Amino acid sequence: MKAILALENGTWYEGEAAGAPGEAGGEVVFNTSMTGYQEVLTDPSYKGQIVTMTCPEIGNYGIAEDDRESRAPQVAGFVIRDQSPVASNWRSEETLRDYLVRSGVVAISDIDTRALTRVLRSTGVMRGIIATGEVDPRALVDKARNVAPMEGADLVLDVTCDAPFDWQPVPQDEFTPSAQRQPTRALRIAAYDYGMKWNILRRFTAYGCDVRVFPATAPASDLLASKPDGVFLSNGPGDPAALGYAIHNARELMKEDVPIFGICLGHQILSLAMGAETYKLKFGHRGANHPVKELETGRVEITSQNHGFAVNAETVPDDVKITHLNLYDGTVEGLRHATKPVFCVQYHPEAAPGPHDADYLFRQFLDEMEKR
């Protein structure tokens, strides 16, 4: 079946339907990872986005249920160059196409994703529509222009949990990286779910921690009432500046002497709570090969990233230290408060997909919790 991808600037691409029939709109972005398409599909941070994979062939190792990062695919749509007709992997349970159809994800293949990526890099990410069947591209362009913009969007409410729950550890296999150390006593973490990837919870489990997960709108007092050794602020979708309730709760938590660790959207929320400002990047950072420099040691780590907003370095307060910088464009990748046990990073130390260079941050969080 024919499919069309139309962008708000009037550009459109004709290809083949690669998933469920229908129509889907969202912000069109690109991800440079060569593997990990299932983790990308199920990452709640991609809510409201049509994800383009720059790797030319996608789907060749199929789908394995154990690799999910949430209960179901979260992307608004999916764009690929070539969809592998076979799934060659002993862990595979179904093909990518079958998974997309079963999950209701509208996707398009057989388009020039290299040309599309060049447009997004030059112009910036844009709103778009994928539609299958016989459709009018010009009508789709008009629809794309009516898709809600990402600026000002609170998408966290669409992906957060409904009620608090205790994360149940899953058995570790030979693919699970070993933790750098275990705690000297039982540690309990209270975690805000803004759209949390499950591998973050898996890493906390690997480091010997018990995690209770709370909805994004839960008041800070609920987390503190559980008497946690530390508080975690997760990744998630949308514009951080639109999350007034999350910023307020982060400020309330910072009044207490409790270690706080934030990743991605959690990093941005903590930054806003500490007095900095955020802004939208032209085309964001999405991939598994972004070099980041730790300023204190000069160490460079290759990181997994997925974000469209960043912290404005010029607005970081004097009592907050910039700890990491992106070596591609110099954007802020990490912060630490000068007097409070609060630190955060823009990238994803839990990987899935991506390298494990930054796994040491979980150890540092253990260090902070054990100090108190």
# chains A, B, ... in the order shown; residues from 1 in each chain; ligands from 1
$ residues_around --residues "segment 357-363 of chain A" --least-positions-apart "6" --cutoff "7 Å" --atoms "only C-alpha atoms" --output "tab-separated table (two decimals) with N, CA, C and O atoms, in the first residue's frame"
chain	number	residue	atom	x	y	z
A	180	GLN	N	28.66	-1.28	39.09
A	180	GLN	CA	30.01	-0.97	39.54
A	180	GLN	C	30.20	-1.27	41.02
A	180	GLN	O	31.32	-1.48	41.48
A	181	ARG	N	29.12	-1.28	41.78
A	181	ARG	CA	29.20	-1.69	43.18
A	181	ARG	C	27.79	-1.85	43.72
A	181	ARG	O	26.81	-1.49	43.07
A	301	GLU	N	32.86	10.75	27.19
A	301	GLU	CA	32.04	9.55	27.14
A	301	GLU	C	31.10	9.62	25.93
A	301	GLU	O	30.65	10.71	25.55
A	302	ILE	N	30.88	8.48	25.31
A	302	ILE	CA	29.93	8.40	24.20
A	302	ILE	C	28.57	8.06	24.80
A	302	ILE	O	28.44	7.11	25.58
A	303	THR	N	27.56	8.84	24.45
A	303	THR	CA	26.29	8.77	25.16
A	303	THR	C	25.11	8.53	24.23
A	303	THR	O	25.16	8.81	23.04
A	349	PRO	N	22.29	7.79	30.79
A	349	PRO	CA	23.32	6.85	31.25
A	349	PRO	C	22.84	5.40	31.27
A	349	PRO	O	23.66	4.48	31.29
A	350	GLU	N	21.52	5.19	31.27
A	350	GLU	CA	21.01	3.82	31.26
A	350	GLU	C	21.07	3.18	29.87
A	350	GLU	O	20.81	1.98	29.72
$ residues_around --residues "segment 10-17 of chain A" --least-positions-apart "4" --cutoff "9 Å" --atoms "only C-alpha atoms" --output "PyMOL selection string"
chain A and resi 1-6+21+106-112+116+131-133+137-138+140-142
$ write_last_selection --atoms "N, CA, C and O atoms" --output "tab-separated table (two decimals), in the first residue's frame"
chain	number	residue	atom	x	y	z
A	1	MET	N	0.84	-1.19	0.00
A	1	MET	CA	0.00	0.00	0.00
A	1	MET	C	0.88	1.25	0.00
A	1	MET	O	1.88	1.31	0.67
A	2	LYS	N	0.46	2.23	-0.80
A	2	LYS	CA	1.19	3.49	-0.87
A	2	LYS	C	1.04	4.27	0.42
A	2	LYS	O	0.04	4.16	1.13
A	3	ALA	N	2.07	5.07	0.74
A	3	ALA	CA	2.01	5.95	1.90
A	3	ALA	C	2.68	7.27	1.55
A	3	ALA	O	3.56	7.33	0.68
A	4	ILE	N	2.26	8.33	2.22
A	4	ILE	CA	2.80	9.68	2.02
A	4	ILE	C	3.24	10.25	3.36
A	4	ILE	O	2.53	10.12	4.36
A	5	LEU	N	4.41	10.88	3.39
A	5	LEU	CA	4.84	11.70	4.51
A	5	LEU	C	4.87	13.15	4.03
A	5	LEU	O	5.59	13.48	3.08
A	6	ALA	N	4.08	14.01	4.65
A	6	ALA	CA	4.01	15.42	4.28
A	6	ALA	C	4.50	16.29	5.43
A	6	ALA	O	4.14	16.04	6.59
A	21	PRO	N	-2.38	0.64	8.81
A	21	PRO	CA	-3.01	1.62	7.92
A	21	PRO	C	-3.59	2.77	8.74
A	21	PRO	O	-3.89	2.63	9.92
A	106	VAL	N	1.46	3.79	12.60
A	106	VAL	CA	1.51	4.14	11.18
A	106	VAL	C	2.96	4.40	10.81
A	106	VAL	O	3.65	5.18	11.49
A	107	ALA	N	3.44	3.76	9.73
A	107	ALA	CA	4.85	3.88	9.34
A	107	ALA	C	4.97	3.93	7.84
A	107	ALA	O	4.08	3.48	7.10
A	108	ILE	N	6.09	4.50	7.38
A	108	ILE	CA	6.36	4.60	5.95
A	108	ILE	C	7.80	4.15	5.69
A	108	ILE	O	8.70	4.44	6.47
A	109	SER	N	7.99	3.42	4.59
A	109	SER	CA	9.32	2.99	4.16
A	109	SER	C	9.53	3.36	2.70
A	109	SER	O	8.64	3.92	2.06
A	110	ASP	N	10.71	3.03	2.18
A	110	ASP	CA	11.05	3.25	0.78
A	110	ASP	C	11.04	4.73	0.41
A	110	ASP	O	10.63	5.10	-0.70
A	111	ILE	N	11.47	5.58	1.34
A	111	ILE	CA	11.71	6.98	1.01
A	111	ILE	C	13.18	7.28	1.29
A	111	ILE	O	13.85	6.54	2.00
A	112	ASP	N	13.67	8.38	0.75
A	112	ASP	CA	15.08	8.77	0.92
A	112	ASP	C	15.23	9.44	2.28
A	112	ASP	O	15.08	10.66	2.41
A	116	LEU	N	15.57	13.44	3.66
A	116	LEU	CA	14.69	13.96	4.69
A	116	LEU	C	15.49	14.49	5.87
A	116	LEU	O	15.20	15.57	6.40
A	131	ALA	N	0.28	9.27	6.06
A	131	ALA	CA	-1.02	8.70	5.71
A	131	ALA	C	-0.83	7.59	4.70
A	131	ALA	O	0.04	7.68	3.82
A	132	THR	N	-1.61	6.53	4.83
A	132	THR	CA	-1.53	5.40	3.91
A	132	THR	C	-2.70	5.42	2.94
A	132	THR	O	-3.74	6.05	3.19
A	133	GLY	N	-2.53	4.73	1.81
A	133	GLY	CA	-3.58	4.66	0.81
A	133	GLY	C	-3.51	5.81	-0.18
A	133	GLY	O	-2.50	6.52	-0.29
A	137	PRO	N	-1.44	14.70	-1.32
A	137	PRO	CA	-0.30	15.25	-0.55
A	137	PRO	C	-0.52	16.70	-0.12
A	137	PRO	O	-0.11	17.09	0.97
A	138	ARG	N	-1.17	17.49	-0.96
A	138	ARG	CA	-1.38	18.90	-0.62
A	138	ARG	C	-2.32	19.04	0.58
A	138	ARG	O	-2.12	19.91	1.43
A	140	LEU	N	-2.54	16.84	2.91
A	140	LEU	CA	-1.76	16.40	4.08
A	140	LEU	C	-0.85	17.52	4.58
A	140	LEU	O	-0.64	17.65	5.79
A	141	VAL	N	-0.30	18.32	3.66
A	141	VAL	CA	0.54	19.44	4.07
A	141	VAL	C	-0.27	20.40	4.95
A	141	VAL	O	0.20	20.89	5.98
A	142	ASP	N	-1.52	20.67	4.53
A	142	ASP	CA	-2.38	21.55	5.32
A	142	ASP	C	-2.65	20.95	6.70
A	142	ASP	O	-2.67	21.66	7.71
$ residues_around --residues "Thr160 of chain A" --least-positions-apart "6" --cutoff "6 Å" --atoms "only C-alpha atoms" --output "list in words"
Asp193, Tyr194, Gly195 and Pro215 of chain A
$ residues_around --residues "Trp167 of chain A" --least-positions-apart "6" --cutoff "8 Å" --atoms "only C-alpha atoms" --output "MDAnalysis selection string"
chainID A and resid 201 210:213
$ residues_around --residues "Met126 of chain A" --least-positions-apart "4" --cutoff "7 Å" --atoms "only C-alpha atoms" --output "MDAnalysis selection string"
chainID A and resid 7:8 27:28
$ select_by_dssp --residues "segment 96-126 of chain A" --states "strand (DSSP E)" --output "ChimeraX atom specification"
/A:107-109,126
$ write_last_selection --atoms "N, CA, C and O atoms" --output "PDB file, in the first residue's frame"
ATOM      1  N   ALA A 107       3.443   3.759   9.734  1.00  0.00           N
ATOM      2  CA  ALA A 107       4.849   3.876   9.345  1.00  0.00           C
ATOM      3  C   ALA A 107       4.967   3.935   7.835  1.00  0.00           C
ATOM      4  O   ALA A 107       4.081   3.475   7.105  1.00  0.00           O
ATOM      5  N   ILE A 108       6.092   4.495   7.380  1.00  0.00           N
ATOM      6  CA  ILE A 108       6.364   4.602   5.951  1.00  0.00           C
ATOM      7  C   ILE A 108       7.797   4.153   5.687  1.00  0.00           C
ATOM      8  O   ILE A 108       8.704   4.440   6.473  1.00  0.00           O
ATOM      9  N   SER A 109       7.995   3.418   4.586  1.00  0.00           N
ATOM     10  CA  SER A 109       9.323   2.987   4.164  1.00  0.00           C
ATOM     11  C   SER A 109       9.526   3.356   2.703  1.00  0.00           C
ATOM     12  O   SER A 109       8.637   3.924   2.055  1.00  0.00           O
ATOM     13  N   MET A 126      10.148  19.615  11.973  1.00  0.00           N
ATOM     14  CA  MET A 126       8.877  20.189  11.551  1.00  0.00           C
ATOM     15  C   MET A 126       7.724  19.263  11.882  1.00  0.00           C
ATOM     16  O   MET A 126       7.914  18.059  12.075  1.00  0.00           O
TER      17      MET A 126
END
